[in-house]
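Source file model-v6.txt; content: compact mmCIF, C-alpha atoms.
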# COMPACT_ATOMS: atom_id res chain seq x y z
CA MET A 18 92.82 -32.54 105.90
CA LYS A 19 93.04 -36.02 107.38
CA VAL A 20 93.55 -34.59 110.87
CA GLN A 21 90.45 -32.43 110.52
CA VAL A 22 88.35 -35.47 109.66
CA VAL A 23 89.65 -37.35 112.69
CA ARG A 24 88.94 -34.34 114.92
CA LYS A 25 85.37 -34.10 113.60
CA VAL A 26 84.80 -37.81 114.28
CA LEU A 27 86.07 -37.40 117.85
CA GLU A 28 83.89 -34.30 118.44
CA VAL A 29 80.73 -36.05 117.27
CA ASN A 30 81.69 -39.05 119.38
CA ASP A 31 82.24 -36.96 122.52
CA ARG A 32 78.94 -35.09 122.12
CA LEU A 33 77.01 -38.34 121.81
CA ALA A 34 78.91 -39.75 124.80
CA ASP A 35 77.72 -36.82 126.94
CA GLU A 36 74.15 -37.48 125.81
CA ILE A 37 74.52 -41.13 126.85
CA ARG A 38 75.67 -40.04 130.33
CA GLU A 39 72.65 -37.73 130.65
CA THR A 40 70.32 -40.58 129.74
CA THR A 41 71.86 -43.15 132.06
CA ALA A 42 72.11 -40.64 134.95
CA SER A 43 68.40 -39.90 134.64
CA ARG A 44 67.75 -43.67 135.04
CA ASN A 45 70.30 -44.10 137.87
CA THR A 46 72.34 -46.51 135.78
CA VAL A 47 76.13 -46.60 136.09
CA VAL A 48 78.18 -47.66 133.06
CA ILE A 49 81.69 -49.13 133.36
CA ASN A 50 83.79 -49.52 130.22
CA VAL A 51 86.29 -52.39 130.47
CA MET A 52 89.29 -52.29 128.13
CA SER A 53 92.45 -54.37 127.60
CA SER A 54 94.62 -56.19 125.10
CA PRO A 55 93.16 -59.35 123.58
CA GLY A 56 93.51 -62.22 126.00
CA SER A 57 94.01 -60.24 129.22
CA GLY A 58 90.92 -61.93 130.63
CA LYS A 59 88.10 -59.36 130.42
CA THR A 60 85.39 -61.93 129.81
CA SER A 61 86.70 -64.37 132.42
CA LEU A 62 86.87 -61.59 135.01
CA LEU A 63 83.29 -60.51 134.29
CA GLU A 64 82.16 -64.15 134.50
CA ARG A 65 83.55 -64.38 138.05
CA LEU A 66 82.80 -60.83 139.19
CA ILE A 67 79.19 -60.42 138.05
CA PRO A 68 77.76 -63.24 140.24
CA ARG A 69 79.28 -61.46 143.27
CA LEU A 70 77.39 -58.30 142.34
CA LEU A 71 74.16 -60.15 141.51
CA ALA A 72 74.32 -61.68 144.99
CA ASN A 73 74.10 -58.09 146.30
CA ASP A 74 70.92 -57.47 144.28
CA VAL A 75 72.65 -55.35 141.66
CA LYS A 76 70.80 -55.47 138.33
CA ILE A 77 73.41 -55.90 135.62
CA GLY A 78 73.59 -55.85 131.84
CA VAL A 79 76.56 -56.23 129.49
CA ILE A 80 77.36 -54.65 126.13
CA GLU A 81 79.80 -56.91 124.36
CA GLY A 82 82.07 -55.49 121.67
CA ASP A 83 83.87 -57.72 119.21
CA ILE A 84 84.95 -57.34 115.62
CA THR A 85 83.28 -60.63 114.84
CA THR A 86 81.76 -63.71 116.62
CA THR A 87 79.41 -63.80 119.64
CA ARG A 88 81.70 -66.02 121.74
CA ASP A 89 82.13 -63.65 124.68
CA ALA A 90 78.46 -62.61 124.66
CA ASP A 91 77.42 -66.27 124.70
CA ARG A 92 79.63 -66.91 127.74
CA LEU A 93 78.19 -63.97 129.69
CA ALA A 94 74.55 -64.71 128.71
CA GLN A 95 74.92 -67.91 130.74
CA LEU A 96 74.84 -65.74 133.86
CA ASN A 97 71.16 -65.06 133.05
CA ILE A 98 71.70 -61.37 132.52
CA PRO A 99 70.80 -59.32 129.44
CA VAL A 100 73.70 -59.10 126.99
CA SER A 101 73.79 -56.88 123.90
CA GLN A 102 76.35 -57.78 121.25
CA ILE A 103 77.98 -55.20 118.97
CA ASN A 104 79.97 -56.67 116.11
CA THR A 105 82.10 -53.88 114.69
CA ASP A 106 82.59 -55.57 111.32
CA VAL A 107 79.32 -53.76 110.45
CA PHE A 108 81.21 -50.52 111.13
CA GLY A 109 84.11 -51.56 108.89
CA GLY A 110 85.84 -53.83 111.43
CA ASP A 111 86.30 -50.99 113.89
CA CYS A 112 89.00 -51.54 116.46
CA HIS A 113 87.06 -49.86 119.28
CA LEU A 114 83.54 -49.09 120.47
CA GLY A 115 82.49 -45.47 120.02
CA SER A 116 79.41 -43.80 121.46
CA GLU A 117 77.75 -44.22 118.05
CA ALA A 118 77.85 -48.00 118.59
CA ILE A 119 76.94 -47.86 122.29
CA ARG A 120 73.86 -45.63 121.88
CA PRO A 121 71.65 -48.17 120.02
CA ALA A 122 73.01 -51.03 122.15
CA LEU A 123 71.71 -49.25 125.27
CA ASP A 124 68.19 -49.26 123.80
CA HIS A 125 68.12 -53.04 124.24
CA PHE A 126 68.03 -52.60 128.02
CA ASP A 127 65.22 -51.35 130.23
CA LEU A 128 67.52 -48.83 131.90
CA LYS A 129 65.09 -48.09 134.72
CA LYS A 130 65.60 -51.68 135.86
CA MET A 131 69.41 -51.61 135.42
CA ASP A 132 71.86 -50.51 138.13
CA LEU A 133 75.03 -51.28 136.21
CA ILE A 134 76.00 -51.84 132.60
CA PHE A 135 79.42 -53.23 131.79
CA ILE A 136 80.84 -52.45 128.37
CA GLU A 137 83.38 -55.07 127.33
CA ASN A 138 85.30 -53.17 124.67
CA VAL A 139 87.16 -54.64 121.68
CA GLY A 140 90.46 -56.22 122.76
CA ASN A 141 92.94 -53.44 121.96
CA LEU A 142 95.18 -51.44 124.29
CA VAL A 143 95.40 -48.48 121.88
CA CYS A 144 92.31 -47.26 120.05
CA PRO A 145 89.51 -47.76 122.62
CA ALA A 146 91.30 -45.29 124.92
CA GLU A 147 90.72 -42.51 122.36
CA PHE A 148 86.95 -42.90 122.12
CA ASP A 149 84.61 -41.88 124.93
CA THR A 150 81.89 -44.53 125.15
CA GLY A 151 79.60 -42.52 127.40
CA ALA A 152 80.62 -44.67 130.37
CA ASN A 153 80.93 -43.21 133.89
CA PHE A 154 84.08 -45.16 134.68
CA ASN A 155 86.85 -46.75 132.63
CA ALA A 156 88.72 -49.85 133.75
CA VAL A 157 91.80 -51.39 132.18
CA VAL A 158 92.70 -55.05 132.62
CA ILE A 159 96.37 -55.95 132.29
CA SER A 160 97.63 -59.44 132.92
CA THR A 161 100.85 -60.51 134.60
CA THR A 162 102.09 -62.10 131.37
CA GLU A 163 102.14 -58.82 129.41
CA GLY A 164 105.27 -57.14 130.85
CA GLU A 165 105.79 -54.37 133.39
CA ASP A 166 106.44 -51.71 130.73
CA LYS A 167 102.99 -51.58 129.15
CA PRO A 168 101.70 -48.48 131.03
CA LEU A 169 104.73 -46.53 129.80
CA LYS A 170 104.25 -47.70 126.21
CA TYR A 171 100.47 -47.24 126.12
CA PRO A 172 100.04 -44.25 128.45
CA LEU A 173 96.72 -42.93 127.12
CA MET A 174 94.93 -46.12 128.16
CA PHE A 175 96.15 -45.83 131.74
CA ARG A 176 95.54 -42.08 131.84
CA THR A 177 91.91 -42.50 130.83
CA CYS A 178 91.04 -45.15 133.44
CA GLN A 179 89.98 -44.91 137.09
CA LEU A 180 90.55 -48.62 137.77
CA ALA A 181 93.43 -50.91 136.81
CA LEU A 182 92.87 -54.64 137.30
CA ILE A 183 96.06 -56.72 137.28
CA ASN A 184 94.78 -60.14 136.25
CA LYS A 185 96.32 -63.65 136.29
CA ILE A 186 98.20 -63.10 139.55
CA ASP A 187 97.92 -66.88 140.09
CA LEU A 188 100.68 -67.18 137.46
CA LEU A 189 103.17 -65.00 139.36
CA PRO A 190 105.18 -67.97 140.74
CA TYR A 191 105.90 -69.13 137.18
CA LEU A 192 106.82 -65.77 135.64
CA GLU A 193 109.76 -63.41 135.78
CA PHE A 194 107.40 -60.57 136.48
CA ASP A 195 107.73 -57.72 138.96
CA VAL A 196 104.18 -56.76 139.91
CA GLU A 197 105.40 -53.88 142.11
CA GLN A 198 107.25 -52.44 139.13
CA LEU A 199 104.04 -52.66 137.09
CA GLU A 200 102.09 -50.85 139.82
CA GLN A 201 104.79 -48.20 140.00
CA ASN A 202 104.67 -47.72 136.21
CA ILE A 203 100.87 -47.43 136.31
CA HIS A 204 101.07 -44.78 139.03
CA THR A 205 103.79 -42.89 137.12
CA ILE A 206 101.29 -42.45 134.29
CA ASN A 207 98.23 -41.94 136.49
CA PRO A 208 98.74 -41.34 140.23
CA ASP A 209 94.96 -41.37 140.90
CA ILE A 210 94.13 -44.78 139.47
CA ASP A 211 92.96 -47.54 141.85
CA ILE A 212 94.84 -50.80 141.33
CA PHE A 213 93.48 -54.26 142.18
CA GLN A 214 95.36 -57.54 141.89
CA VAL A 215 92.95 -60.27 140.82
CA SER A 216 92.76 -63.76 139.38
CA ALA A 217 89.78 -64.93 137.36
CA ARG A 218 91.03 -68.49 137.85
CA THR A 219 91.44 -68.59 141.64
CA ASP A 220 89.00 -65.71 142.42
CA GLU A 221 91.71 -63.96 144.44
CA GLY A 222 90.98 -60.26 144.90
CA LEU A 223 87.49 -60.43 143.40
CA ASP A 224 85.60 -59.93 146.68
CA VAL A 225 87.61 -56.78 147.39
CA LEU A 226 86.95 -55.54 143.86
CA ALA A 227 83.22 -56.25 144.19
CA VAL A 228 83.06 -54.17 147.38
CA ARG A 229 84.74 -51.30 145.56
CA LEU A 230 82.24 -51.50 142.70
CA LEU A 231 79.31 -51.58 145.11
CA ARG A 232 80.68 -48.39 146.61
CA MET A 233 80.88 -46.80 143.13
CA LEU A 234 77.18 -47.61 142.63
CA SER A 235 75.99 -45.94 145.81
CA MET B 11 82.07 -39.72 103.26
CA LYS B 12 84.05 -41.17 106.14
CA VAL B 13 84.35 -44.49 104.31
CA GLN B 14 85.71 -42.76 101.21
CA VAL B 15 88.43 -41.07 103.25
CA VAL B 16 89.42 -44.40 104.79
CA ARG B 17 89.51 -46.03 101.37
CA LYS B 18 91.73 -43.24 99.99
CA VAL B 19 94.14 -43.63 102.92
CA LEU B 20 94.35 -47.37 102.29
CA GLU B 21 94.92 -46.86 98.54
CA VAL B 22 97.76 -44.42 99.09
CA ASN B 23 99.22 -46.76 101.70
CA ASP B 24 99.08 -49.79 99.37
CA ARG B 25 100.69 -47.93 96.47
CA LEU B 26 103.57 -46.79 98.66
CA ALA B 27 103.91 -50.33 100.05
CA ASP B 28 104.36 -51.66 96.50
CA GLU B 29 107.07 -49.05 95.89
CA ILE B 30 108.85 -50.17 99.06
CA ARG B 31 108.82 -53.77 97.82
CA GLU B 32 110.29 -52.68 94.47
CA THR B 33 113.10 -50.82 96.26
CA THR B 34 113.97 -53.61 98.67
CA ALA B 35 113.77 -56.27 95.92
CA SER B 36 116.27 -54.30 93.84
CA ARG B 37 118.67 -54.39 96.82
CA ASN B 38 117.97 -58.09 97.65
CA THR B 39 116.62 -57.16 101.06
CA VAL B 40 113.78 -59.16 102.59
CA VAL B 41 111.41 -57.40 105.01
CA ILE B 42 109.42 -59.28 107.66
CA ASN B 43 106.66 -57.43 109.53
CA VAL B 44 106.08 -58.83 113.05
CA MET B 45 102.72 -58.11 114.68
CA SER B 46 100.94 -59.08 117.90
CA SER B 47 99.04 -57.86 120.94
CA PRO B 48 101.03 -55.86 123.49
CA GLY B 49 103.04 -58.22 125.66
CA SER B 50 103.03 -61.29 123.41
CA GLY B 51 106.81 -61.15 123.37
CA LYS B 52 107.80 -59.69 119.97
CA THR B 53 110.90 -57.91 121.31
CA SER B 54 112.00 -60.85 123.45
CA LEU B 55 111.63 -63.21 120.50
CA LEU B 56 113.70 -60.93 118.25
CA GLU B 57 116.35 -60.64 120.99
CA ARG B 58 116.77 -64.43 121.00
CA LEU B 59 116.18 -65.07 117.29
CA ILE B 60 118.41 -62.41 115.71
CA PRO B 61 121.71 -63.74 117.18
CA ARG B 62 120.91 -67.12 115.56
CA LEU B 63 120.61 -65.41 112.17
CA LEU B 64 123.68 -63.22 112.72
CA ALA B 65 125.63 -66.40 113.38
CA ASN B 66 124.70 -67.44 109.84
CA ASP B 67 126.13 -64.19 108.42
CA VAL B 68 122.74 -62.61 107.80
CA LYS B 69 122.95 -58.81 107.88
CA ILE B 70 119.97 -57.60 109.90
CA GLY B 71 118.28 -54.30 110.72
CA VAL B 72 115.17 -53.56 112.76
CA ILE B 73 112.46 -50.92 112.40
CA GLU B 74 110.84 -50.49 115.77
CA GLY B 75 107.32 -49.11 116.00
CA ASP B 76 105.89 -47.76 119.23
CA ILE B 77 103.42 -45.05 120.10
CA THR B 78 105.96 -43.62 122.53
CA THR B 79 109.27 -44.55 124.28
CA THR B 80 112.39 -46.17 122.75
CA ARG B 81 112.42 -49.08 125.21
CA ASP B 82 112.19 -51.87 122.64
CA ALA B 83 114.63 -50.19 120.25
CA ASP B 84 117.14 -49.79 123.09
CA ARG B 85 116.88 -53.50 123.89
CA LEU B 86 117.49 -54.54 120.26
CA ALA B 87 120.30 -52.04 119.68
CA GLN B 88 122.29 -54.04 122.25
CA LEU B 89 122.59 -56.76 119.60
CA ASN B 90 124.90 -54.37 117.70
CA ILE B 91 122.59 -54.10 114.73
CA PRO B 92 121.13 -50.91 113.22
CA VAL B 93 117.74 -50.06 114.71
CA SER B 94 115.43 -47.33 113.43
CA GLN B 95 112.74 -46.13 115.83
CA ILE B 96 109.35 -44.83 114.68
CA ASN B 97 107.28 -43.21 117.40
CA THR B 98 103.74 -42.89 116.08
CA ASP B 99 102.76 -40.13 118.50
CA VAL B 100 104.17 -37.85 115.78
CA PHE B 101 101.47 -39.28 113.49
CA GLY B 102 98.74 -38.63 116.07
CA GLY B 103 99.43 -41.69 118.24
CA ASP B 104 98.77 -44.07 115.37
CA CYS B 105 97.90 -47.60 116.39
CA HIS B 106 99.82 -49.20 113.51
CA LEU B 107 102.75 -48.64 111.14
CA GLY B 108 101.74 -47.75 107.60
CA SER B 109 104.01 -47.60 104.57
CA GLU B 110 104.16 -43.80 105.01
CA ALA B 111 106.03 -44.36 108.30
CA ILE B 112 108.17 -47.25 107.00
CA ARG B 113 109.43 -45.46 103.86
CA PRO B 114 111.60 -42.81 105.65
CA ALA B 115 112.69 -45.36 108.28
CA LEU B 116 114.15 -47.53 105.49
CA ASP B 117 116.36 -44.63 104.40
CA HIS B 118 118.31 -45.04 107.65
CA PHE B 119 119.71 -48.35 106.40
CA ASP B 120 122.24 -49.03 103.69
CA LEU B 121 119.94 -51.55 102.02
CA LYS B 122 122.66 -52.94 99.77
CA LYS B 123 124.35 -54.22 102.93
CA MET B 124 121.13 -55.55 104.49
CA ASP B 125 119.77 -59.06 103.93
CA LEU B 126 116.83 -58.81 106.30
CA ILE B 127 114.87 -56.03 107.95
CA PHE B 128 112.46 -56.89 110.74
CA ILE B 129 109.61 -54.46 111.36
CA GLU B 130 108.35 -54.73 114.93
CA ASN B 131 104.91 -53.21 114.58
CA VAL B 132 102.89 -51.41 117.29
CA GLY B 133 101.42 -53.89 119.78
CA ASN B 134 97.88 -54.27 118.48
CA LEU B 135 96.11 -57.35 117.10
CA VAL B 136 93.61 -55.28 115.10
CA CYS B 137 94.78 -52.23 113.14
CA PRO B 138 98.26 -53.26 111.90
CA ALA B 139 96.64 -56.09 109.94
CA GLU B 140 94.80 -53.54 107.78
CA PHE B 141 97.88 -51.62 106.66
CA ASP B 142 100.39 -53.05 104.19
CA THR B 143 103.86 -52.02 105.41
CA GLY B 144 105.67 -52.97 102.23
CA ALA B 145 107.02 -56.10 103.92
CA ASN B 146 107.54 -59.33 101.99
CA PHE B 147 106.24 -61.50 104.81
CA ASN B 148 103.94 -60.95 107.78
CA ALA B 149 104.32 -62.83 111.05
CA VAL B 150 101.93 -62.84 114.00
CA VAL B 151 103.07 -63.68 117.52
CA ILE B 152 100.43 -65.07 119.87
CA SER B 153 101.28 -66.23 123.36
CA THR B 154 99.87 -69.20 125.24
CA THR B 155 98.31 -66.90 127.84
CA GLU B 156 95.98 -65.16 125.37
CA GLY B 157 93.33 -67.83 124.83
CA GLU B 158 92.67 -70.31 122.01
CA ASP B 159 89.86 -68.23 120.50
CA LYS B 160 91.92 -65.25 119.32
CA PRO B 161 92.29 -66.29 115.65
CA LEU B 162 88.49 -66.57 115.39
CA LYS B 163 87.97 -63.16 117.02
CA TYR B 164 90.74 -61.35 115.10
CA PRO B 165 90.65 -63.21 111.78
CA LEU B 166 92.14 -60.48 109.56
CA MET B 167 95.45 -60.63 111.44
CA PHE B 168 95.79 -64.37 110.91
CA ARG B 169 94.59 -64.17 107.30
CA THR B 170 97.26 -61.60 106.43
CA CYS B 171 100.21 -63.56 107.87
CA GLN B 172 102.41 -66.33 106.44
CA LEU B 173 103.91 -67.23 109.82
CA ALA B 174 102.28 -67.70 113.23
CA LEU B 175 104.62 -67.93 116.22
CA ILE B 176 103.04 -69.37 119.36
CA ASN B 177 105.20 -67.90 122.11
CA LYS B 178 105.58 -68.67 125.85
CA ILE B 179 105.15 -72.43 125.40
CA ASP B 180 107.33 -72.81 128.53
CA LEU B 181 104.21 -71.73 130.49
CA LEU B 182 102.00 -74.54 129.15
CA PRO B 183 102.31 -76.71 132.31
CA TYR B 184 100.84 -73.88 134.38
CA LEU B 185 97.95 -72.90 132.10
CA GLU B 186 94.61 -74.35 131.13
CA PHE B 187 95.47 -73.87 127.51
CA ASP B 188 94.89 -76.20 124.56
CA VAL B 189 97.65 -75.41 122.09
CA GLU B 190 96.26 -77.88 119.54
CA GLN B 191 92.93 -76.07 119.65
CA LEU B 192 94.77 -72.80 118.99
CA GLU B 193 96.58 -74.30 116.01
CA GLN B 194 93.30 -75.68 114.70
CA ASN B 195 91.66 -72.24 115.04
CA ILE B 196 94.60 -70.60 113.24
CA HIS B 197 94.31 -73.08 110.37
CA THR B 198 90.54 -72.60 110.20
CA ILE B 199 91.18 -68.94 109.42
CA ASN B 200 94.26 -69.50 107.26
CA PRO B 201 95.08 -73.06 106.13
CA ASP B 202 98.35 -71.93 104.48
CA ILE B 203 100.00 -70.31 107.49
CA ASP B 204 103.14 -71.94 108.96
CA ILE B 205 102.93 -72.37 112.74
CA PHE B 206 105.92 -72.53 115.08
CA GLN B 207 105.83 -73.18 118.82
CA VAL B 208 108.55 -71.14 120.52
CA SER B 209 109.71 -69.81 123.85
CA ALA B 210 111.80 -66.65 124.12
CA ARG B 211 112.61 -67.71 127.70
CA THR B 212 113.86 -71.27 127.13
CA ASP B 213 114.80 -70.83 123.42
CA GLU B 214 112.64 -73.84 122.53
CA GLY B 215 111.74 -73.86 118.84
CA LEU B 216 113.98 -70.95 117.91
CA ASP B 217 116.56 -73.00 115.99
CA VAL B 218 113.82 -74.52 113.85
CA LEU B 219 112.36 -71.07 113.24
CA ALA B 220 115.78 -69.67 112.30
CA VAL B 221 116.24 -72.43 109.70
CA ARG B 222 112.85 -71.55 108.21
CA LEU B 223 113.80 -67.86 107.99
CA LEU B 224 117.13 -68.68 106.38
CA ARG B 225 115.17 -70.63 103.77
CA MET B 226 112.91 -67.59 103.18
CA LEU B 227 116.01 -65.48 102.53
CA SER B 228 117.46 -67.76 99.87

Exercise: express the given structure as structure tokens:
Amino acid sequence: MKVQVVRKVLEVNDRLADEIRETTASRNTVVINVMSSPGSGKTSLLERLIPRLLANDVKIGVIEGDITTTRDADRLAQLNIPVSQINTDVFGGDCHLGSEAIRPALDHFDLKKMDLIFIENVGNLVCPAEFDTGANFNAVVISTTEGEDKPLKYPLMFRTCQLALINKIDLLPYLEFDVEQLEQNIHTINPDIDIFQVSARTDEGLDVLAVRLLRMLS
Amino acid sequence: MKVQVVRKVLEVNDRLADEIRETTASRNTVVINVMSSPGSGKTSLLERLIPRLLANDVKIGVIEGDITTTRDADRLAQLNIPVSQINTDVFGGDCHLGSEAIRPALDHFDLKKMDLIFIENVGNLVCPAEFDTGANFNAVVISTTEGEDKPLKYPLMFRTCQLALINKIDLLPYLEFDVEQLEQNIHTINPDIDIFQVSARTDEGLDVLAVRLLRMLS
């Protein structure tokens, strides 16, 4: 009984996600869904990455998902781009963004004028991976302080993503952390994923990442 | 309709959690449920903390919750204590441990010989906070690399806990992190929570924490 309900929820979610992709494709808008644990640095990365894309005349919007508060949305709005906040406490404190939440958030943008929409999902390495948001690409952020074993323990997240961003590499000298082991574990779960080492503090790796995203847009 | 189902699940969970507390109380066993984001250092903390309690003749068991793998359970079993593994992929990849999962795991222990059972919950700062495990105390681990704002963004987790363990304080010299701001944010959400600064790498703060736990047991 319970399983049936969950399956129904996922089916409805997936159907709406396909509709979202039809809509955004017709407007030539690409949507990238960014996921991670709390504190991996999603917002900080977007703060440093988005100006690099704006400098290449990419028109960008952000959908910001949080259970509560507008802290991340407020930070990103300072980049002078349109930001749409979804607080999931309206949906019962949901631990993820589903297509049901994304659909009305998209209406806040003039999609014809948008090249790229980032979705910053709720900080959670588990549940967001189960729910298609209607994005074209999924990216996971994992920081160097989280341990090399996380792809093995949370495989669905890494299976569902095309990009893996290893953040906080500026901290490597101070950690007992084997970044090659992490990359190997990521590729064990998903051999096709593209991995980028980045730092939102020192900007290392962000130019390379920006070039990759520009390629995804064209 | 969906909301009703969720409410029913929570009601069943809470009733079973109360039954667990009756059982463990009758055997003089205390249960502490440890929660955090993936990579905050729950397993490492238990690895360093448990020997301090064993040295005080506390009989300890661990219930280890993961979506998949037995990596954490294997690490803790090396302490020569009984460890019971719950892999939630059997429950559909559940993002938390509910009392339904804890109940059979408890049967693996001879509770009359156990003073303390730690539950290491699934790494997730959102969902585990919603589900009573039947524990007597809840503890949240948050590491210094996760950002000062997390208690404000994930308030339910901090509201539901009696202990907050700020881990990885050995990294403070290398971070732009205001630990006092974090403590203030934690107390804004929950003025009654006890906060401990610890490091599973340098052992800082662990003796003080052990004394506090010994007090909780008596």

Could you work out which residues of chain B fall inside 6 Å of chain A? Count only C-alpha atoms, and format the result as a ChimeraX atom specification. /B:49,78,156-157,163

Of A:Gly115, A:Leu199, A:Leu133, A:Ala122, the one nearest to Leu27 in chain A when counting all atoms listed in the file is A:Gly115

Go ahead and find all residues with at least one atom no further than 7 Å from (83.2, -38.8, 123.3) in the file's coordinates, using only C-alpha atoms; report them as a PyMOL selection string. chain A and resi 27-28+30-35+116+148-151

Just the number, please: distance in Å from CA of Asn104 in chain A to CA of Ala139 in chain B, one decimal.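 A separation of 17.8 Å between them.
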
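For the pair CA of Met226 in chain B and CA of Thr34 in chain B, the interatomic distance is 14.7 Å.
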
Counting all atoms listed in the file, closest pick from A:Leu180, A:Ala217, A:Leu128, A:Leu234 relative to Ile37 in chain A is A:Leu128

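Taking CA of Arg222 in chain B and CA of Gln207 in chain B as the two end points, the separation is 12.8 Å.
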
Any idea what's packed within 6 Å of range 71-81 of chain A, counting all atoms listed in the file, ignoring anything in its chain fewer than 3 positions away? Could you give it as a CSV table (one decimal) with C-alpha atoms, in the coordinates of the input?
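Contents of selection.csv, as written:
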chain,number,residue,atom,x,y,z
A,68,PRO,CA,77.8,-63.2,140.2
A,90,ALA,CA,78.5,-62.6,124.7
A,98,ILE,CA,71.7,-61.4,132.5
A,99,PRO,CA,70.8,-59.3,129.4
A,100,VAL,CA,73.7,-59.1,127.0
A,101,SER,CA,73.8,-56.9,123.9
A,102,GLN,CA,76.4,-57.8,121.2
A,103,ILE,CA,78.0,-55.2,119.0
A,131,MET,CA,69.4,-51.6,135.4
A,132,ASP,CA,71.9,-50.5,138.1
A,133,LEU,CA,75.0,-51.3,136.2
A,134,ILE,CA,76.0,-51.8,132.6
A,135,PHE,CA,79.4,-53.2,131.8
A,136,ILE,CA,80.8,-52.4,128.4
A,137,GLU,CA,83.4,-55.1,127.3

Pick out the closest residue to Arg92 in chain A from this set: A:Leu62, A:Val215, A:Ile210, A:Asn184. Count all atoms listed in the file.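 Closest residue, counting all atoms listed in the file: A:Leu62.
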
Counting only C-alpha atoms, which residue out of A:Leu93, A:Leu189, A:Leu123, A:Ala156 sits closest to Ile49 in chain A?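 Checking each of A:Leu93, A:Leu189, A:Leu123, A:Ala156 against Ile49 in chain A, counting only C-alpha atoms, the winner is A:Ala156.
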